[in-house]
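Step one of this worksheet: look at the structure below.
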Amino acid sequence: MKIEGQDWFYSGKVKEHFMKPKNFLKSEKEIKNYNGHGKTGNIKCGDLMEMWISVEKEKIKKCKWKTFGSLHPEEKVIMQDYTYKKVEDVLPGERILDGDGKPNLVETIITKKYTGQLLTFSLSTSNFYTFTVTPNHPIQAIKRNTISLVNRVSGTHWSEVSSQKASQAKSQIYSASELNESDFLLFHIPRYEKDNPKITEDICTLLGYYVSDGSLPSKNRVIFYFGLNETEYVEEIFSICKKNNWKTVKYKRNTENVLCIQINEPEVVSLLRNHGGQPSEKRFSQTILELPPKKQMKIIDSYINGDGWIVHQKETWEPQYFISTSSEVLANQLQLMLARNKIFSPQHYREPRSFISRGKKYKNKGEINLIFRKKTTYSRIKYNKKENAFLIPIQKIIQSEYNGKIIDLSLFEYPNTYRVKGISIHNCASAIASTSMLSVMITEKGGMKIEDALKLTGKDIMDRLGGLPAIKIHCSVLGDEALREAIKDYEKNNKATE
């Protein structure tokens, strides 16, 4: 669907100033001696701009600015601890995962009123992947017609998408209103990697078993539990212990129809506790999330053995793997570890249910399933090597009218982007780029006179940027309006001191 405007691509200069904005405020210390401050908002796209200037002898010598990206208040962002939280419940000083997959400090939160259209995107992987934005919100995406084997305007068949083109296609930043059903959004894969020699492949295997279904009755013992027909997993752990000369014992609990294997090694117990969490709140440490993908896959494989299953739909098909957990923390962490192995596993939420496991009846509070195939050639989700991201197709776009509050987040560190259910959401590219260019224009060559700065127009900024899409022209004046407010503030302060 399309609400307004034509397809467009930003110029190279706009991309340069968006990806690496000039004079962007990083710390309050940078504006300690500035003498003019302005703030303005744009209700059309839900953006807010702040600017600070330092004026000497009626010339603007320095300029700093920042802007925000808006979200519907009930949208969920991923926090530093890998839980989801509604954006309206996020507090300044908390950390959320940014577009690069690292914790980023929430510096400022602003709530403002908004009246206009909203677009709700539903992705084709599962019902979980939906999010809502304003029509002019920038989204990194790849158009279907740029990677399709069949040259036509619309289409949804997976067979029509070229894997080779999908791997090498370069994403563009689009207005949300310019995206169509079957275009592709990006799920970025964290790039960081740091090995830890203490976390061997054997420890990784034990860690997967422990987090899925193990216990730590004391600081000296760890116990793993299996069904009576799961002897191969018991033997795998026993073999690891024998190789490492770890004390171990195997036994059966007849009352529970459970096979147990216990390791009596304080050092092993300490590693499992430190990197797999307490038995009552299991989660992987940041060290584990930074391990090389090969080690992380060892964890995944043993976790599947402990709390997952494998389905062979047809003899000629690759097996389908299922991971089950009631913890959204583990679901997010396991999903990212799989992603680093170039495997996309969408999250599927199931309602609370009763079930029987190893002869005992349980009732959970709901669960999250991760479903995937290990051989990526059999996956419908395409991997883009150039972007290091998965391409997730848009299944449906729903337009609705909205009158209520929207939330702006300002992150302390670069990049000022955040993940909404795994998808990276950007600030307004045009507003950022135009304000970045404006800050250069008014401070270059020793600084611009205030009277000349007041004569600047949006067209002057656009000319320096090499143009902007028609539907984004309003964004070019956001920085200009903030500048005029900052000049007013300076003149007011200057008169007060005379």
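Naming scheme: A, B, ... for chains in displayed order of the structure tokens; residues 1 onward per chain; ligands 1 onward as shown.
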- [ ] Please identify which residues in segment 414-455 of chain A DSSP calls helix (DSSP H, G or I) from the backbone, and express them as a list of chain:residue names.
- [x]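 Filtering segment 414-455 of chain A down to helix (DSSP H, G or I) leaves A:Ala429, A:Ser430, A:Ala431, A:Ile432, A:Ala433, A:Ser434, A:Thr435, A:Ser436, A:Met437, A:Leu438, A:Ser439, A:Val440, A:Met441, A:Ile442, A:Thr443, A:Glu444, A:Lys445, A:Gly446, A:Ile450, A:Glu451, A:Asp452, A:Ala453.
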For the selection just defined, write its residues with C-alpha atoms to a file, as a PDB file, in the first residue's frame.
ATOM      1  CA  ALA A 429      16.921  10.632   8.186  1.00  0.00           C
ATOM      2  CA  SER A 430      15.937  13.909   6.492  1.00  0.00           C
ATOM      3  CA  ALA A 431      15.648  15.803   9.775  1.00  0.00           C
ATOM      4  CA  ILE A 432      18.992  14.466  10.978  1.00  0.00           C
ATOM      5  CA  ALA A 433      20.813  15.045   7.694  1.00  0.00           C
ATOM      6  CA  SER A 434      19.408  18.541   7.107  1.00  0.00           C
ATOM      7  CA  THR A 435      20.157  19.672  10.656  1.00  0.00           C
ATOM      8  CA  SER A 436      23.651  18.192  10.423  1.00  0.00           C
ATOM      9  CA  MET A 437      24.264  20.162   7.226  1.00  0.00           C
ATOM     10  CA  LEU A 438      22.730  23.308   8.746  1.00  0.00           C
ATOM     11  CA  SER A 439      25.092  23.078  11.713  1.00  0.00           C
ATOM     12  CA  VAL A 440      28.030  22.962   9.286  1.00  0.00           C
ATOM     13  CA  MET A 441      26.745  25.911   7.250  1.00  0.00           C
ATOM     14  CA  ILE A 442      26.356  28.251  10.225  1.00  0.00           C
ATOM     15  CA  THR A 443      29.726  27.437  11.834  1.00  0.00           C
ATOM     16  CA  GLU A 444      32.067  27.075   8.848  1.00  0.00           C
ATOM     17  CA  LYS A 445      34.520  29.819   7.818  1.00  0.00           C
ATOM     18  CA  GLY A 446      34.699  31.342  11.270  1.00  0.00           C
ATOM     19  CA  ILE A 450      23.136  36.019  13.049  1.00  0.00           C
ATOM     20  CA  GLU A 451      21.446  38.240  10.479  1.00  0.00           C
ATOM     21  CA  ASP A 452      22.635  35.928   7.675  1.00  0.00           C
ATOM     22  CA  ALA A 453      21.613  32.799   9.595  1.00  0.00           C
TER      23      ALA A 453
END
Write out as a tab-separated table a residue-level contact list of segment 151-240 of chain A versus segment 330-342 of chain A with cut-off 12 Å: for each qualifying residue the closest pair of atoms and the distance in Å to one decimal, counting only C-alpha atoms, rows sorted by chain and residue number upward.
residue	atom	partner	partner_atom	distance
A:Phe187	CA	A:Ala339	CA	9.1
A:His188	CA	A:Ala339	CA	8.6
A:Ile189	CA	A:Ala339	CA	6.0
A:Pro190	CA	A:Arg340	CA	6.9
A:Arg191	CA	A:Arg340	CA	7.9
A:Tyr192	CA	A:Arg340	CA	9.6
A:Glu193	CA	A:Arg340	CA	9.6
A:Gly208	CA	A:Leu334	CA	10.3
A:Val211	CA	A:Leu330	CA	9.0
A:Ser212	CA	A:Leu330	CA	9.7
For the selection you just gave me, I'd like the residues written to a file as a PDB file, in the first residue's frame, keeping C-alpha atoms.
ATOM      1  CA  PHE A 187      16.914  -7.975  11.323  1.00  0.00           C
ATOM      2  CA  HIS A 188      20.540  -7.085  12.014  1.00  0.00           C
ATOM      3  CA  ILE A 189      22.974  -9.636  13.419  1.00  0.00           C
ATOM      4  CA  PRO A 190      25.282  -8.472  16.227  1.00  0.00           C
ATOM      5  CA  ARG A 191      28.855  -8.272  14.955  1.00  0.00           C
ATOM      6  CA  TYR A 192      30.764  -8.325  18.247  1.00  0.00           C
ATOM      7  CA  GLU A 193      32.769 -11.425  19.079  1.00  0.00           C
ATOM      8  CA  GLY A 208      22.996 -25.828  27.118  1.00  0.00           C
ATOM      9  CA  VAL A 211      19.932 -23.905  31.173  1.00  0.00           C
ATOM     10  CA  SER A 212      17.345 -26.141  29.497  1.00  0.00           C
TER      11      SER A 212
END
Open item on the list: Give me, as an NGL selection string, all polymer residues having an atom no more than 9 Å from Ile203 of chain A, counting only C-alpha atoms and skipping those fewer than 5 positions away in the same chain.
Closed with: :A and (198 or 208 or 240 or 268 or 271-272 or 299)
Export, as a PDB file, in the first residue's frame, the selected residues with N, CA and C atoms.
ATOM      1  N   LYS A 198      38.253 -20.074  28.996  1.00  0.00           N
ATOM      2  CA  LYS A 198      37.683 -20.865  30.090  1.00  0.00           C
ATOM      3  C   LYS A 198      36.372 -21.523  29.683  1.00  0.00           C
ATOM      4  N   GLY A 208      24.277 -25.659  27.787  1.00  0.00           N
ATOM      5  CA  GLY A 208      22.996 -25.828  27.118  1.00  0.00           C
ATOM      6  C   GLY A 208      22.085 -26.781  27.859  1.00  0.00           C
ATOM      7  N   ILE A 240      31.979 -36.455  28.347  1.00  0.00           N
ATOM      8  CA  ILE A 240      32.665 -35.178  28.581  1.00  0.00           C
ATOM      9  C   ILE A 240      33.373 -35.202  29.934  1.00  0.00           C
ATOM     10  N   VAL A 268      33.256 -26.399  37.751  1.00  0.00           N
ATOM     11  CA  VAL A 268      32.234 -26.532  36.704  1.00  0.00           C
ATOM     12  C   VAL A 268      30.928 -25.893  37.158  1.00  0.00           C
ATOM     13  N   LEU A 271      31.147 -22.107  36.875  1.00  0.00           N
ATOM     14  CA  LEU A 271      31.029 -21.634  35.488  1.00  0.00           C
ATOM     15  C   LEU A 271      29.582 -21.668  35.021  1.00  0.00           C
ATOM     16  N   LEU A 272      28.876 -22.744  35.344  1.00  0.00           N
ATOM     17  CA  LEU A 272      27.481 -22.858  34.916  1.00  0.00           C
ATOM     18  C   LEU A 272      26.606 -21.813  35.602  1.00  0.00           C
ATOM     19  N   ILE A 299      25.964 -24.823  22.487  1.00  0.00           N
ATOM     20  CA  ILE A 299      24.933 -24.532  23.495  1.00  0.00           C
ATOM     21  C   ILE A 299      23.548 -24.792  22.921  1.00  0.00           C
TER      22      ILE A 299
END
- [ ] Mind checking which residues fall within 9 Å of Pro292 of chain A, counting only C-alpha atoms, ignoring those fewer than 3 positions away in the same chain, and posting them as a list in words?
- [x]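 Answer for this query is Glu193, Lys194, Asp195, Ile288, Leu289, Lys295, Gln296, Met297 and Arg340 of chain A.
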Open item on the list: If I take atom CA of Gly227 of chain A and atom CA of Val258 of chain A, how far is one from the other in Å, to one decimal?
Closed with: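 Going from atom CA of Gly227 of chain A over to atom CA of Val258 of chain A, I get 5.1 Å.
Coordinates place atom CA of Thr120 of chain A at a distance of 8.0 Å from atom CA of Ser400 of chain A.
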Open item on the list: If you run DSSP on the backbone here, which positions in segment 163-297 of chain A get strand (DSSP E)? Please write them as a PyMOL selection string.
Closed with: chain A and resi 172-175+184-188+214-218+221-227+248-253+258-263+277-278+281-282
Any chance you could export the current selection's C-alpha atoms as a compact mmCIF listing (two decimals), in the first residue's frame?
# COMPACT_ATOMS: atom_id res chain seq x y z
CA GLN A 172 17.91 2.15 1.54
CA ILE A 173 16.14 4.33 4.07
CA TYR A 174 12.47 4.70 3.19
CA SER A 175 9.57 6.58 4.61
CA PHE A 184 11.82 -6.52 3.16
CA LEU A 185 12.79 -5.13 6.56
CA LEU A 186 16.11 -5.92 8.23
CA PHE A 187 16.91 -7.97 11.32
CA HIS A 188 20.54 -7.09 12.01
CA GLY A 214 19.43 -28.66 35.09
CA SER A 215 19.75 -27.72 38.75
CA LEU A 216 22.45 -26.61 41.19
CA PRO A 217 21.55 -28.11 44.61
CA SER A 218 24.85 -26.85 46.05
CA ARG A 221 27.02 -30.25 42.45
CA VAL A 222 25.09 -29.85 39.21
CA ILE A 223 22.37 -32.34 38.22
CA PHE A 224 20.98 -32.89 34.73
CA TYR A 225 17.58 -34.57 34.25
CA PHE A 226 16.44 -36.70 31.30
CA GLY A 227 13.64 -39.06 30.33
CA THR A 248 30.32 -37.84 38.07
CA VAL A 249 27.59 -40.29 38.93
CA LYS A 250 24.57 -41.62 37.00
CA TYR A 251 21.37 -42.78 38.68
CA LYS A 252 17.62 -43.23 38.17
CA ARG A 253 14.76 -41.72 40.13
CA VAL A 258 13.85 -39.71 35.41
CA LEU A 259 17.47 -40.44 34.53
CA CYS A 260 19.97 -38.20 36.31
CA ILE A 261 23.64 -37.49 35.90
CA GLN A 262 25.44 -35.47 38.54
CA ILE A 263 28.81 -33.69 38.27
CA GLY A 277 22.20 -17.94 35.88
CA GLN A 278 20.60 -19.19 39.05
CA GLU A 281 16.28 -17.33 36.85
CA LYS A 282 18.34 -18.81 34.08
Open item on the list: Here is a test: counting only C-alpha atoms, which residue of A:Tyr402, A:Lys13, A:Thr287, A:Ile371 is nearest to Met462 of chain A?
Closed with: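 Smallest separation from Met462 of chain A among the options: A:Lys13.
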TODO: Would you work out the distance separating atom CA of Asn305 of chain A from atom CA of Ser327 of chain A, expressed in Å to one decimal?
DONE: 17.5 Å
Open item on the list: I'd like the contact shell of Pro393 of chain A - 6 Å cut-off, only C-alpha atoms, skipping same-chain residues fewer than 4 positions apart - returned as an NGL selection string.
Closed with: :A and (123-124 or 182-184)
Could you write out that same residue set with C-alpha atoms as a PDB file, in the first residue's frame?
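Written file, part.pdb:
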ATOM      1  CA  LEU A 123       5.861  -9.412   9.072  1.00  0.00           C
ATOM      2  CA  SER A 124       5.370 -12.820   7.510  1.00  0.00           C
ATOM      3  CA  SER A 182       6.274  -8.031   0.363  1.00  0.00           C
ATOM      4  CA  ASP A 183       9.123  -5.505   0.682  1.00  0.00           C
ATOM      5  CA  PHE A 184      11.821  -6.521   3.163  1.00  0.00           C
TER       6      PHE A 184
END
Open item on the list: So, with only C-alpha atoms as the atoms that count, which of A:Ser424, A:Ser167, A:Asn127, A:Thr255 lies closest to Pro346 of chain A?
Closed with: A:Asn127
Open item on the list: So, with only C-alpha atoms as the atoms that count, which of A:Thr67, A:Lys59, A:Arg283, A:Phe128 lies closest to Gly38 of chain A?
Closed with: A:Thr67
Task: For Ile368 of chain A, the nearest of the candidates A:Phe322, A:Phe344, A:Phe121, A:Tyr233, counting only C-alpha atoms - done: A:Phe322
Task: Contacts of His72 of chain A at 7 Å (only C-alpha atoms; same-chain gap of 3+ positions) as a list in words - done: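 So, after excluding close chain neighbours, the residues are Glu75, Thr132, Val133, Ile406 and Ile407 of chain A.
In terms of minimum interatomic distance to Asn196 of chain A, A:Glu290 ranks closest within A:Val269, A:Asp81, A:Glu290, A:Ala141, counting only C-alpha atoms.
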Open item on the list: Give me, as number ranges by chain, all polymer residues having an atom no more than 8 Å from Lys421 of chain A, counting only C-alpha atoms and skipping those fewer than 3 positions away in the same chain.
Closed with: A: 76-78, 129-131
Generate a file of the selected residues that holds N, CA and C atoms, formatted as a PDB file, in the first residue's frame.
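Output saved as selection-v8.pdb:
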ATOM      1  N   LYS A  76       7.125  -2.328  22.079  1.00  0.00           N
ATOM      2  CA  LYS A  76       8.085  -2.918  23.014  1.00  0.00           C
ATOM      3  C   LYS A  76       9.500  -2.849  22.454  1.00  0.00           C
ATOM      4  N   VAL A  77      10.423  -2.395  23.303  1.00  0.00           N
ATOM      5  CA  VAL A  77      11.831  -2.391  22.949  1.00  0.00           C
ATOM      6  C   VAL A  77      12.539  -3.447  23.792  1.00  0.00           C
ATOM      7  N   ILE A  78      13.691  -3.920  23.307  1.00  0.00           N
ATOM      8  CA  ILE A  78      14.451  -4.930  24.035  1.00  0.00           C
ATOM      9  C   ILE A  78      15.409  -4.238  24.986  1.00  0.00           C
ATOM     10  N   TYR A 129       5.610 -10.507  15.137  1.00  0.00           N
ATOM     11  CA  TYR A 129       6.344  -9.402  14.524  1.00  0.00           C
ATOM     12  C   TYR A 129       5.413  -8.371  13.909  1.00  0.00           C
ATOM     13  N   THR A 130       4.916  -7.494  14.760  1.00  0.00           N
ATOM     14  CA  THR A 130       4.126  -6.346  14.327  1.00  0.00           C
ATOM     15  C   THR A 130       4.620  -5.118  15.079  1.00  0.00           C
ATOM     16  N   PHE A 131       4.585  -3.969  14.432  1.00  0.00           N
ATOM     17  CA  PHE A 131       4.928  -2.720  15.112  1.00  0.00           C
ATOM     18  C   PHE A 131       4.258  -1.561  14.376  1.00  0.00           C
TER      19      PHE A 131
END
Task: Shortest interatomic distance to Tyr418 of chain A - which of A:Lys365, A:Lys32, A:Lys61, A:Arg95, counting only C-alpha atoms - done: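 Of A:Lys365, A:Lys32, A:Lys61, A:Arg95, the one nearest Tyr418 of chain A, counting only C-alpha atoms, is A:Arg95.
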